[in-house]
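Source file: start24.txt (compact mmCIF, C-alpha atoms)
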# COMPACT_ATOMS: atom_id res chain seq x y z
CA MET K 1 -41.48 -38.12 -62.17
CA PHE K 2 -43.77 -37.28 -59.22
CA ARG K 3 -45.29 -40.35 -57.57
CA THR K 4 -46.61 -38.67 -54.43
CA ILE K 5 -47.68 -35.04 -54.39
CA VAL K 6 -48.80 -33.29 -51.22
CA VAL K 7 -51.02 -30.23 -51.53
CA ALA K 8 -51.67 -28.06 -48.47
CA LEU K 9 -55.30 -26.95 -48.24
CA ASP K 10 -57.17 -24.60 -45.94
CA GLY K 11 -60.27 -23.93 -48.02
CA GLU K 12 -59.21 -20.40 -49.01
CA GLY K 13 -59.03 -19.26 -52.63
CA HIS K 14 -55.26 -19.43 -52.94
CA THR K 15 -55.16 -23.07 -51.82
CA VAL K 16 -58.04 -23.96 -54.16
CA ARG K 17 -55.90 -22.52 -56.96
CA ALA K 18 -52.95 -24.61 -55.75
CA LEU K 19 -55.19 -27.67 -55.85
CA THR K 20 -56.05 -27.16 -59.53
CA HIS K 21 -52.32 -27.09 -60.37
CA ALA K 22 -51.64 -30.12 -58.16
CA ILE K 23 -54.48 -32.04 -59.82
CA ASP K 24 -53.01 -31.33 -63.25
CA LEU K 25 -49.53 -32.49 -62.18
CA ALA K 26 -50.90 -35.61 -60.48
CA ARG K 27 -52.92 -36.56 -63.54
CA ARG K 28 -49.95 -36.12 -65.90
CA ASP K 29 -47.70 -38.30 -63.72
CA GLN K 30 -50.47 -40.62 -62.46
CA ALA K 31 -49.35 -39.66 -58.99
CA THR K 32 -51.11 -40.04 -55.68
CA LEU K 33 -52.31 -36.67 -54.46
CA VAL K 34 -52.33 -36.16 -50.71
CA GLY K 35 -54.70 -33.38 -49.64
CA LEU K 36 -53.29 -32.07 -46.39
CA HIS K 37 -55.31 -29.93 -44.02
CA VAL K 38 -53.71 -28.68 -40.81
CA VAL K 39 -56.03 -27.89 -37.94
CA ASP K 40 -54.31 -24.92 -36.38
CA PRO K 41 -55.18 -24.38 -32.70
CA TYR K 42 -53.79 -20.82 -32.86
CA LEU K 43 -56.99 -19.14 -31.67
CA LYS K 44 -57.21 -21.39 -28.61
CA GLN K 45 -54.30 -19.61 -26.95
CA PHE K 46 -56.51 -16.57 -26.40
CA HIS K 47 -58.97 -18.36 -24.10
CA ASN K 48 -57.59 -16.55 -21.07
CA GLU K 49 -58.57 -13.22 -22.62
CA ILE K 50 -62.20 -14.30 -23.01
CA TYR K 51 -64.22 -13.04 -20.06
CA ALA K 52 -67.64 -12.42 -21.58
CA VAL K 53 -68.38 -16.09 -22.11
CA GLY K 54 -67.11 -19.21 -20.45
CA ARG K 55 -63.62 -20.28 -21.43
CA GLN K 56 -64.66 -23.85 -22.12
CA GLU K 57 -67.51 -22.53 -24.23
CA TYR K 58 -65.01 -20.54 -26.25
CA LEU K 59 -62.68 -23.53 -26.70
CA ASP K 60 -65.60 -25.74 -27.76
CA TYR K 61 -66.71 -23.11 -30.24
CA VAL K 62 -63.22 -22.86 -31.76
CA ASP K 63 -63.05 -26.66 -32.00
CA ARG K 64 -66.43 -26.80 -33.77
CA CYS K 65 -65.35 -24.11 -36.25
CA LEU K 66 -62.03 -25.82 -36.98
CA GLU K 67 -63.78 -29.15 -37.45
CA THR K 68 -66.31 -27.64 -39.85
CA ILE K 69 -63.53 -26.06 -41.93
CA ALA K 70 -61.54 -29.31 -41.96
CA ASP K 71 -64.58 -31.39 -42.98
CA GLY K 72 -65.48 -28.97 -45.77
CA THR K 73 -61.92 -28.75 -47.08
CA ILE K 74 -61.46 -32.53 -47.16
CA ARG K 75 -64.90 -33.09 -48.69
CA ASP K 76 -64.14 -30.59 -51.48
CA PHE K 77 -60.74 -32.22 -52.07
CA GLN K 78 -62.27 -35.69 -52.38
CA GLU K 79 -64.95 -34.42 -54.73
CA VAL K 80 -62.40 -32.75 -57.02
CA CYS K 81 -60.19 -35.86 -57.06
CA ARG K 82 -63.18 -38.04 -57.95
CA LYS K 83 -64.30 -35.65 -60.68
CA GLU K 84 -60.80 -35.32 -62.17
CA ASP K 85 -60.06 -39.06 -61.83
CA VAL K 86 -57.01 -38.55 -59.61
CA ARG K 87 -56.06 -40.89 -56.76
CA GLY K 88 -56.58 -38.66 -53.73
CA GLU K 89 -55.66 -39.30 -50.11
CA PRO K 90 -57.02 -36.85 -47.55
CA ARG K 91 -54.91 -36.24 -44.48
CA VAL K 92 -55.66 -34.08 -41.43
CA ARG K 93 -52.96 -33.09 -38.95
CA HIS K 94 -53.18 -30.92 -35.85
CA GLY K 95 -50.62 -28.33 -34.80
CA ASP K 96 -48.49 -25.52 -36.14
CA PRO K 97 -49.05 -25.32 -39.93
CA ILE K 98 -45.37 -24.86 -40.83
CA GLU K 99 -44.21 -27.78 -38.67
CA GLU K 100 -47.03 -30.05 -39.81
CA ILE K 101 -46.59 -29.27 -43.51
CA VAL K 102 -42.84 -29.90 -43.29
CA ALA K 103 -43.46 -33.21 -41.48
CA ALA K 104 -46.22 -34.32 -43.86
CA SER K 105 -44.15 -33.54 -46.96
CA ASP K 106 -41.26 -35.71 -45.84
CA GLY K 107 -40.94 -38.60 -48.27
CA ALA K 108 -43.17 -37.02 -50.92
CA ASP K 109 -41.86 -36.03 -54.36
CA LEU K 110 -43.47 -32.60 -54.44
CA LEU K 111 -45.23 -30.22 -52.07
CA VAL K 112 -47.68 -27.71 -53.55
CA ILE K 113 -48.90 -24.70 -51.60
CA GLY K 114 -50.85 -21.58 -52.47
CA GLY K 115 -49.71 -18.10 -51.55
CA LYS K 116 -51.61 -14.87 -51.03
CA ARG K 117 -50.14 -11.56 -52.09
CA LEU K 118 -49.27 -9.85 -48.82
CA GLN K 119 -48.43 -6.21 -48.32
CA GLY K 120 -47.93 -3.88 -45.38
CA PHE K 121 -49.38 -4.95 -42.06
CA SER K 122 -50.83 -8.23 -43.36
CA ARG K 123 -47.34 -9.26 -44.52
CA TRP K 124 -45.92 -8.57 -41.07
CA ARG K 125 -48.79 -10.31 -39.27
CA SER K 126 -48.86 -13.37 -41.52
CA ARG K 127 -46.76 -16.44 -40.86
CA ASN K 128 -45.96 -16.23 -44.57
CA LEU K 129 -45.51 -19.90 -45.37
CA PRO K 130 -44.42 -19.41 -49.01
CA GLU K 131 -41.34 -17.44 -47.98
CA LYS K 132 -40.43 -19.62 -45.01
CA LEU K 133 -40.99 -23.12 -46.36
CA PRO K 134 -38.28 -23.19 -49.10
CA ALA K 135 -35.59 -23.20 -46.42
CA LEU K 136 -37.37 -25.83 -44.31
CA VAL K 137 -38.73 -28.53 -46.60
CA LYS K 138 -36.60 -31.34 -47.98
CA VAL K 139 -38.69 -31.86 -51.11
CA PRO K 140 -39.34 -29.69 -54.18
CA LEU K 141 -41.84 -27.00 -53.29
CA LEU K 142 -44.22 -25.49 -55.82
CA ILE K 143 -45.70 -22.16 -54.75
CA ILE K 144 -48.77 -21.01 -56.66
CA ARG K 145 -49.42 -17.31 -56.19
CA GLN K 146 -52.93 -15.90 -56.13
CA MET U 1 -58.23 -28.60 -64.81
CA VAL U 2 -55.24 -27.99 -67.04
CA TRP U 3 -52.22 -25.94 -66.06
CA SER U 4 -50.69 -24.51 -69.18
CA VAL U 5 -46.91 -24.08 -68.89
CA ARG U 6 -45.41 -22.58 -72.04
CA LYS U 7 -42.30 -20.86 -70.67
CA ILE U 8 -40.12 -21.90 -67.75
CA LEU U 9 -37.44 -19.63 -66.33
CA VAL U 10 -34.50 -21.45 -64.76
CA PRO U 11 -32.14 -19.11 -62.91
CA THR U 12 -28.73 -20.51 -62.06
CA ASP U 13 -25.85 -19.41 -59.87
CA GLY U 14 -23.59 -22.12 -61.22
CA SER U 15 -24.00 -24.32 -58.12
CA PRO U 16 -24.84 -28.07 -58.16
CA ALA U 17 -28.18 -27.21 -56.50
CA ALA U 18 -29.06 -25.04 -59.46
CA PHE U 19 -28.30 -27.85 -61.87
CA ILE U 20 -30.66 -30.21 -60.04
CA ALA U 21 -33.33 -27.61 -60.75
CA VAL U 22 -32.40 -27.80 -64.46
CA GLU U 23 -33.21 -31.51 -64.51
CA VAL U 24 -36.53 -30.96 -62.75
CA ALA U 25 -37.37 -28.15 -65.19
CA GLU U 26 -36.69 -30.46 -68.14
CA ASN U 27 -39.11 -33.04 -66.77
CA ILE U 28 -41.87 -30.47 -66.41
CA ALA U 29 -41.08 -28.89 -69.79
CA ALA U 30 -41.26 -32.31 -71.43
CA SER U 31 -44.79 -32.96 -70.18
CA HIS U 32 -45.98 -29.46 -71.20
CA ASN U 33 -43.81 -29.05 -74.33
CA ALA U 34 -42.55 -25.79 -72.84
CA GLU U 35 -39.64 -23.55 -73.73
CA ILE U 36 -36.87 -22.97 -71.18
CA ILE U 37 -35.04 -19.73 -70.52
CA GLY U 38 -31.78 -20.03 -68.58
CA LEU U 39 -30.73 -16.97 -66.60
CA PHE U 40 -27.57 -15.96 -64.79
CA ALA U 41 -27.32 -12.55 -63.13
CA TYR U 42 -24.03 -11.20 -61.88
CA PRO U 43 -23.76 -8.26 -59.53
CA PRO U 44 -22.12 -5.09 -60.83
CA ALA U 45 -18.88 -4.05 -59.15
CA GLY U 46 -20.23 -1.66 -56.53
CA LEU U 47 -17.08 0.14 -55.48
CA GLN U 48 -14.39 1.56 -57.69
CA VAL U 49 -11.63 -0.32 -55.94
CA GLU U 50 -8.78 -2.32 -57.34
CA GLY U 51 -9.93 -5.79 -58.34
CA ALA U 52 -13.66 -5.00 -58.46
CA ALA U 53 -13.79 -5.13 -62.24
CA ALA U 54 -11.85 -8.40 -62.21
CA LEU U 55 -14.39 -9.90 -59.79
CA GLU U 56 -17.19 -8.88 -62.13
CA ASP U 57 -15.34 -10.59 -64.98
CA ILE U 58 -15.03 -13.76 -62.89
CA GLU U 59 -18.77 -13.75 -62.10
CA ARG U 60 -19.58 -13.22 -65.79
CA GLU U 61 -17.31 -16.13 -66.67
CA ILE U 62 -19.02 -18.39 -64.09
CA GLY U 63 -22.38 -17.38 -65.54
CA SER U 64 -21.30 -17.99 -69.09
CA ASN U 65 -20.04 -21.46 -68.19
CA ALA U 66 -23.19 -22.33 -66.23
CA LEU U 67 -25.42 -21.27 -69.12
CA SER U 68 -23.30 -23.20 -71.62
CA GLN U 69 -23.66 -26.29 -69.44
CA MET U 70 -27.44 -25.80 -69.49
CA GLU U 71 -27.39 -25.28 -73.25
CA GLU U 72 -25.53 -28.57 -73.75
CA PHE U 73 -28.00 -30.38 -71.49
CA PHE U 74 -31.04 -29.06 -73.36
CA ALA U 75 -29.43 -29.68 -76.75
CA LYS U 76 -29.32 -33.36 -75.78
CA THR U 77 -32.98 -33.41 -74.73
CA GLY U 78 -34.07 -31.42 -77.79
CA ARG U 79 -35.67 -28.74 -75.64
CA SER U 80 -36.19 -25.22 -76.96
CA PHE U 81 -33.73 -23.14 -74.90
CA ARG U 82 -32.61 -19.52 -74.66
CA LYS U 83 -29.98 -18.08 -72.33
CA LEU U 84 -29.75 -14.70 -70.66
CA LEU U 85 -26.63 -13.32 -68.97
CA LEU U 86 -27.65 -10.18 -67.12
CA ARG U 87 -25.79 -7.61 -65.02
CA GLY U 88 -27.68 -6.80 -61.83
CA SER U 89 -29.10 -8.28 -58.66
CA ALA U 90 -30.28 -11.88 -58.96
CA VAL U 91 -33.74 -11.21 -57.48
CA ASP U 92 -34.44 -8.19 -59.71
CA ALA U 93 -33.20 -9.99 -62.81
CA ILE U 94 -35.34 -13.07 -62.11
CA VAL U 95 -38.51 -11.15 -61.27
CA GLN U 96 -38.16 -8.67 -64.17
CA THR U 97 -37.41 -11.42 -66.67
CA ALA U 98 -40.37 -13.45 -65.42
CA ARG U 99 -42.56 -10.39 -66.06
CA SER U 100 -41.12 -9.32 -69.41
CA GLU U 101 -41.02 -12.85 -70.82
CA GLU U 102 -44.41 -13.72 -69.29
CA VAL U 103 -43.09 -16.99 -67.93
CA ASP U 104 -45.50 -19.45 -66.33
CA LEU U 105 -43.08 -21.04 -63.90
CA ILE U 106 -39.71 -20.32 -62.27
CA VAL U 107 -37.71 -23.38 -61.27
CA MET U 108 -34.77 -22.71 -58.99
CA GLY U 109 -32.50 -24.45 -56.50
CA SER U 110 -33.07 -23.56 -52.89
CA ARG U 111 -29.43 -23.78 -51.76
CA GLY U 112 -27.07 -21.27 -53.28
CA ARG U 113 -23.41 -21.16 -54.12
CA THR U 114 -22.34 -18.57 -51.59
CA LEU U 115 -22.24 -19.02 -47.82
CA ALA U 116 -24.45 -16.00 -47.21
CA ARG U 117 -27.09 -17.33 -49.58
CA ARG U 118 -26.89 -20.76 -47.98
CA LEU U 119 -27.46 -19.22 -44.58
CA THR U 120 -30.33 -16.94 -45.50
CA GLY U 121 -31.89 -18.55 -48.55
CA SER U 122 -32.57 -14.95 -49.44
CA VAL U 123 -32.77 -15.24 -53.21
CA THR U 124 -35.42 -17.98 -53.24
CA SER U 125 -37.50 -16.30 -50.52
CA ALA U 126 -37.30 -12.91 -52.25
CA VAL U 127 -38.25 -14.41 -55.60
CA VAL U 128 -41.18 -16.20 -53.99
CA ALA U 129 -42.30 -12.88 -52.49
CA HIS U 130 -42.17 -10.92 -55.76
CA ALA U 131 -42.56 -13.40 -58.61
CA PRO U 132 -45.53 -12.83 -60.90
CA CYS U 133 -45.92 -16.57 -61.49
CA ALA U 134 -45.58 -19.96 -59.82
CA VAL U 135 -42.20 -20.81 -58.29
CA LEU U 136 -40.79 -24.30 -57.88
CA SER U 137 -38.01 -24.40 -55.31
CA VAL U 138 -35.85 -27.51 -55.61
CA PRO U 139 -33.70 -28.47 -52.65
CA HIS U 140 -30.17 -29.76 -52.99
CA LYS U 141 -29.95 -33.58 -53.07
CA LYS U 142 -33.43 -34.20 -54.38
CA ILE U 143 -34.70 -36.15 -57.42

Take the structure in the file and give it back as structure tokens.
Amino acid sequence: MFRTIVVALDGEGHTVRALTHAIDLARRDQATLVGLHVVDPYLKQFHNEIYAVGRQEYLDYVDRCLETIADGTIRDFQEVCRKEDVRGEPRVRHGDPIEEIVAASDGADLLVIGGKRLQGFSRWRSRNLPEKLPALVKVPLLIIRQ
Amino acid sequence: MVWSVRKILVPTDGSPAAFIAVEVAENIAASHNAEIIGLFAYPPAGLQVEGAAALEDIEREIGSNALSQMEEFFAKTGRSFRKLLLRGSAVDAIVQTARSEEVDLIVMGSRGRTLARRLTGSVTSAVVAHAPCAVLSVPHKKI
């Protein structure tokens, strides 16, 4: 039924949980599992507010952090796929997570994402992908709650 | 890494989008040998005005037909199926049933029957926000 499954990963607990569900579905359907990590340059927009250190230094630091997270996330994904005998394809995109996830899911049979339980201020502050994506994606979307 | 799916809740509003979700739910249920619960919730007549009760009757009739259609579909596939026709808001009914029945997955269409729901996608988003389990949102014209 599902030949290509895309799972969005950022290394946090809720996406690791989504990955376990995606692995199970991929194995049942012998599907290709695309592990998608979006490098979000969100923090870079604040470089003008950084006065204590050099701006370029700040931007380089953010880049290094984002690269470390991306490398770790993709490495963990590949290791899980190898261990669970699932055909895994890592993919890294750069940009706004919602836009990149929607674009990367186009043509897939299923998109799997994790979702944190948000309340109060964190709900307001969050971009809240699980509640926004159903209206935006063109493929079935499986949301795994923490 | 095994995801155990024993019960799947499939809410419907009687729209074609909802029936696409039924087919997707059957595929998942088949690979997990899961039971399916079909649900239709119709809003109570809010105001005591002429015609309100009749509107409620119409909604109940739509729900009854939609659930019968699901029942026929699952009878053909041999799937274990139960149907629930509830009076109340769709979001509350879905979330409360998911809790009380301890369902593992909700499968629902992401485009609704009414214009307001099509514009806002409010039912799917609200279910995603409050559901106690995984939610699979199936867009219209897919699979």

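For the atom pair formed by CA of Gly114 (chain K) and CA of Ala131 (chain U), the distance is 13.2 Å, given to one decimal.
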
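The two atoms in question, CA of Pro130 (chain K) and CA of Gly88 (chain K), are spaced 23.3 Å apart.
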
* **Residues near Asn33 (chain U), cut-off 10 Å, all atoms listed in the file, skip fewer than 3 positions along chain, as a ChimeraX atom specification** => /U:4-7,26-30,36,79-80

Practice task
Counting only C-alpha atoms, collect the residues of chain K whose closest atom lies at most 8 Å from chain U, and write them out as a PyMOL selection string.
Solution key: chain K and resi 1+20-21+23-24+28+84+109+117+130-132+134-135+137-145

Write the residues you've just listed into a file as a tab-separated table (two decimals), in the frame of the given file, and include C-alpha atoms for each of them.
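Writing done, so here's again25.tsv:
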chain	number	residue	atom	x	y	z
K	1	MET	CA	-41.48	-38.12	-62.17
K	20	THR	CA	-56.05	-27.16	-59.53
K	21	HIS	CA	-52.32	-27.09	-60.37
K	23	ILE	CA	-54.48	-32.04	-59.82
K	24	ASP	CA	-53.01	-31.33	-63.25
K	28	ARG	CA	-49.95	-36.12	-65.90
K	84	GLU	CA	-60.80	-35.32	-62.17
K	109	ASP	CA	-41.86	-36.03	-54.36
K	117	ARG	CA	-50.14	-11.56	-52.09
K	130	PRO	CA	-44.42	-19.41	-49.01
K	131	GLU	CA	-41.34	-17.44	-47.98
K	132	LYS	CA	-40.43	-19.62	-45.01
K	134	PRO	CA	-38.28	-23.19	-49.10
K	135	ALA	CA	-35.59	-23.20	-46.42
K	137	VAL	CA	-38.73	-28.53	-46.60
K	138	LYS	CA	-36.60	-31.34	-47.98
K	139	VAL	CA	-38.69	-31.86	-51.11
K	140	PRO	CA	-39.34	-29.69	-54.18
K	141	LEU	CA	-41.84	-27.00	-53.29
K	142	LEU	CA	-44.22	-25.49	-55.82
K	143	ILE	CA	-45.70	-22.16	-54.75
K	144	ILE	CA	-48.77	-21.01	-56.66
K	145	ARG	CA	-49.42	-17.31	-56.19

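Coordinates place CA of Asp40 (chain K) at a distance of 6.1 Å from CA of His94 (chain K).
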
If we count all atoms listed in the file, what is near region 70-76 of chain K at a cut-off of 10 Å, once residues fewer than 3 positions away on the same chain are taken out, given as a compact mmCIF listing (two decimals) with C-alpha atoms, in the coordinates of the input?
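Saved as around.txt:
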# COMPACT_ATOMS: atom_id res chain seq x y z
CA LEU K 9 -55.30 -26.95 -48.24
CA ASP K 10 -57.17 -24.60 -45.94
CA GLY K 11 -60.27 -23.93 -48.02
CA GLU K 12 -59.21 -20.40 -49.01
CA VAL K 16 -58.04 -23.96 -54.16
CA GLY K 35 -54.70 -33.38 -49.64
CA LEU K 36 -53.29 -32.07 -46.39
CA HIS K 37 -55.31 -29.93 -44.02
CA VAL K 38 -53.71 -28.68 -40.81
CA VAL K 39 -56.03 -27.89 -37.94
CA ARG K 64 -66.43 -26.80 -33.77
CA CYS K 65 -65.35 -24.11 -36.25
CA LEU K 66 -62.03 -25.82 -36.98
CA GLU K 67 -63.78 -29.15 -37.45
CA GLU K 79 -64.95 -34.42 -54.73
CA VAL K 80 -62.40 -32.75 -57.02
CA CYS K 81 -60.19 -35.86 -57.06
CA ARG K 82 -63.18 -38.04 -57.95
CA GLU K 89 -55.66 -39.30 -50.11
CA PRO K 90 -57.02 -36.85 -47.55
CA ARG K 91 -54.91 -36.24 -44.48
CA VAL K 92 -55.66 -34.08 -41.43
CA ARG K 93 -52.96 -33.09 -38.95

- Task: Tell me, as a PyMOL selection string, which residues lie within 12 Å of Phe73 (chain U), counting all atoms listed in the file; anything in the same chain fewer than 3 positions away does not count.
- Result: chain U and resi 19-20+22-23+25-26+36+38+66-70+76-81

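The residue that comes closest to Gln96 (chain U), out of U:Leu55, U:Glu35, U:Leu9, U:Ala45 and on the basis of all atoms listed in the file, is U:Leu9.
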
Counting all atoms listed in the file, closest pick from K:Pro41, K:Leu33, K:Leu59, K:Ile101 relative to Leu136 (chain K) is K:Ile101
